[in-house]
>>> print(open('final_5.cif').read())   # mmCIF, C-alpha atoms
data_upload
#
loop_
_atom_site.group_PDB
_atom_site.id
_atom_site.type_symbol
_atom_site.label_atom_id
_atom_site.label_comp_id
_atom_site.auth_asym_id
_atom_site.auth_seq_id
_atom_site.Cartn_x
_atom_site.Cartn_y
_atom_site.Cartn_z
ATOM 1 C CA MET A 1 -31.030 -99.387 -40.598
ATOM 2 C CA LYS A 2 -27.561 -99.876 -42.124
ATOM 3 C CA ILE A 3 -25.372 -102.637 -40.736
ATOM 4 C CA LYS A 4 -21.628 -102.533 -41.425
ATOM 5 C CA GLY A 5 -18.836 -104.810 -40.371
ATOM 6 C CA ASN A 6 -15.317 -105.812 -41.318
ATOM 7 C CA ILE A 7 -13.702 -109.219 -41.457
ATOM 8 C CA CYS A 8 -9.916 -109.235 -41.519
ATOM 9 C CA LEU A 9 -8.065 -112.394 -42.534
ATOM 10 C CA ASN A 10 -4.310 -112.680 -41.941
ATOM 11 C CA TYR A 11 -2.170 -115.222 -43.790
ATOM 12 C CA LYS A 12 1.362 -116.469 -43.268
ATOM 13 C CA ASP A 13 2.551 -114.824 -46.494
ATOM 14 C CA GLN A 14 1.534 -112.558 -49.337
ATOM 15 C CA LYS A 15 1.274 -115.435 -51.828
ATOM 16 C CA SER A 16 -1.351 -117.262 -49.751
ATOM 17 C CA ALA A 17 -3.351 -114.072 -49.237
ATOM 18 C CA LYS A 18 -3.336 -113.348 -52.982
ATOM 19 C CA LEU A 19 -4.456 -116.898 -53.815
ATOM 20 C CA VAL A 20 -7.379 -116.660 -51.398
ATOM 21 C CA TYR A 21 -8.249 -113.137 -52.539
ATOM 22 C CA ASP A 22 -8.266 -114.128 -56.214
ATOM 23 C CA SER A 23 -10.252 -117.288 -55.500
ATOM 24 C CA LEU A 24 -12.994 -115.474 -53.598
ATOM 25 C CA GLU A 25 -13.115 -112.168 -55.487
ATOM 26 C CA ILE A 26 -15.305 -113.440 -58.338
ATOM 27 C CA ASP A 27 -17.971 -114.700 -55.935
ATOM 28 C CA ASN A 28 -17.816 -111.577 -53.763
ATOM 29 C CA LYS A 29 -18.242 -108.905 -56.453
ATOM 30 C CA ASN A 30 -21.352 -106.777 -55.926
ATOM 31 C CA TYR A 31 -21.879 -108.231 -52.427
ATOM 32 C CA LEU A 32 -19.037 -106.757 -50.411
ATOM 33 C CA ASN A 33 -15.902 -104.670 -50.721
ATOM 34 C CA SER A 34 -12.523 -106.289 -50.337
ATOM 35 C CA GLU A 35 -8.952 -105.093 -50.110
ATOM 36 C CA LEU A 36 -5.745 -107.077 -50.383
ATOM 37 C CA ASN A 37 -2.913 -105.570 -48.338
ATOM 38 C CA LYS A 38 0.276 -107.669 -48.243
ATOM 39 C CA ASN A 39 -0.625 -110.814 -46.253
ATOM 40 C CA LYS A 40 -4.022 -109.494 -45.152
ATOM 41 C CA ILE A 41 -7.477 -109.399 -46.743
ATOM 42 C CA ILE A 42 -10.048 -106.970 -45.380
ATOM 43 C CA TYR A 43 -13.696 -107.496 -46.249
ATOM 44 C CA GLU A 44 -16.302 -104.811 -45.621
ATOM 45 C CA ILE A 45 -19.892 -105.992 -45.437
ATOM 46 C CA THR A 46 -22.767 -103.496 -45.597
ATOM 47 C CA SER A 47 -26.421 -104.473 -45.519
ATOM 48 C CA ASP A 48 -29.889 -103.123 -44.834
ATOM 49 C CA SER A 49 -30.943 -106.208 -42.872
ATOM 50 C CA LEU A 50 -29.303 -108.272 -40.166
ATOM 51 C CA GLY A 51 -30.325 -111.510 -41.876
ATOM 52 C CA ARG A 52 -28.642 -110.556 -45.148
ATOM 53 C CA PHE A 53 -25.557 -109.296 -43.288
ATOM 54 C CA LEU A 54 -25.187 -112.570 -41.360
ATOM 55 C CA SER A 55 -25.816 -114.634 -44.494
ATOM 56 C CA THR A 56 -23.100 -112.752 -46.391
ATOM 57 C CA ALA A 57 -20.620 -113.126 -43.517
ATOM 58 C CA ASP A 58 -21.438 -116.838 -43.200
ATOM 59 C CA ASP A 59 -20.998 -117.430 -46.949
ATOM 60 C CA LEU A 60 -17.685 -115.570 -46.929
ATOM 61 C CA ILE A 61 -16.315 -117.555 -43.990
ATOM 62 C CA ALA A 62 -17.494 -120.896 -45.416
ATOM 63 C CA SER A 63 -15.895 -120.111 -48.789
ATOM 64 C CA GLU A 64 -12.651 -119.050 -47.131
ATOM 65 C CA ILE A 65 -12.510 -122.310 -45.166
ATOM 66 C CA VAL A 66 -12.828 -124.311 -48.400
ATOM 67 C CA VAL A 67 -10.044 -122.327 -50.092
ATOM 68 C CA GLU A 68 -7.849 -122.619 -46.991
ATOM 69 C CA LYS A 69 -8.250 -126.415 -46.971
ATOM 70 C CA ILE A 70 -7.344 -126.573 -50.647
ATOM 71 C CA LEU A 71 -4.219 -124.487 -50.002
ATOM 72 C CA GLU A 72 -3.182 -126.702 -47.081
ATOM 73 C CA ASN A 73 -3.352 -129.776 -49.283
ATOM 74 C CA THR A 74 -1.648 -128.309 -52.359
ATOM 75 C CA LEU A 75 1.084 -125.992 -51.083
#
>>> encode(input="final_5.cif", output="structure tokens")
Amino acid sequence: MKIKGNICLNYKDQKSAKLVYDSLEIDNKNYLNSELNKNKIIYEITSDSLGRFLSTADDLIASEIVVEKILENTL
């Protein structure tokens, strides 16, 4: 069975979206597809198992929260 899902993150501006995208892209290569579109990042997760799918989504969200907190305290 193939499991697919998208996570769409919207930011207040293009600069913030690019900073998050660049920060997470290295860790996400080979695990999911991502697209930066103005102030929005779209992640596409595809997996053969529900456990792996949920683990990938959880890791992505946790990493995004860390980057978001860094941005809040530095910008």
>>> resolve_selection(input="final_5.cif", expression="the PyMOL selection byres ((chain A and resi 18) around 12)", output="PyMOL selection string")
chain A and resi 9-17+19-25+34-42+67-68+71
>>> atom_distance(input="final_5.cif", atom1="CA of Ile45 (chain A)", atom2="CA of Cys8 (chain A)")
11.2 Å
>>> closest_residue(input="final_5.cif", among="A:Ser49, A:Leu54, A:Gly5, A:Ala62", to="Asn33 (chain A)", atoms="only C-alpha atoms")
A:Gly5
>>> residues_near_point(input="final_5.cif", point="(-25.7, -107.3, -54.6)", cutoff="12 Å", atoms="only C-alpha atoms", output="MDAnalysis selection string")
chainID A and resid 27:33 45:48 52:53 56
>>> atom_distance(input="final_5.cif", atom1="CA of Leu60 (chain A)", atom2="CA of Glu72 (chain A)")
18.3 Å
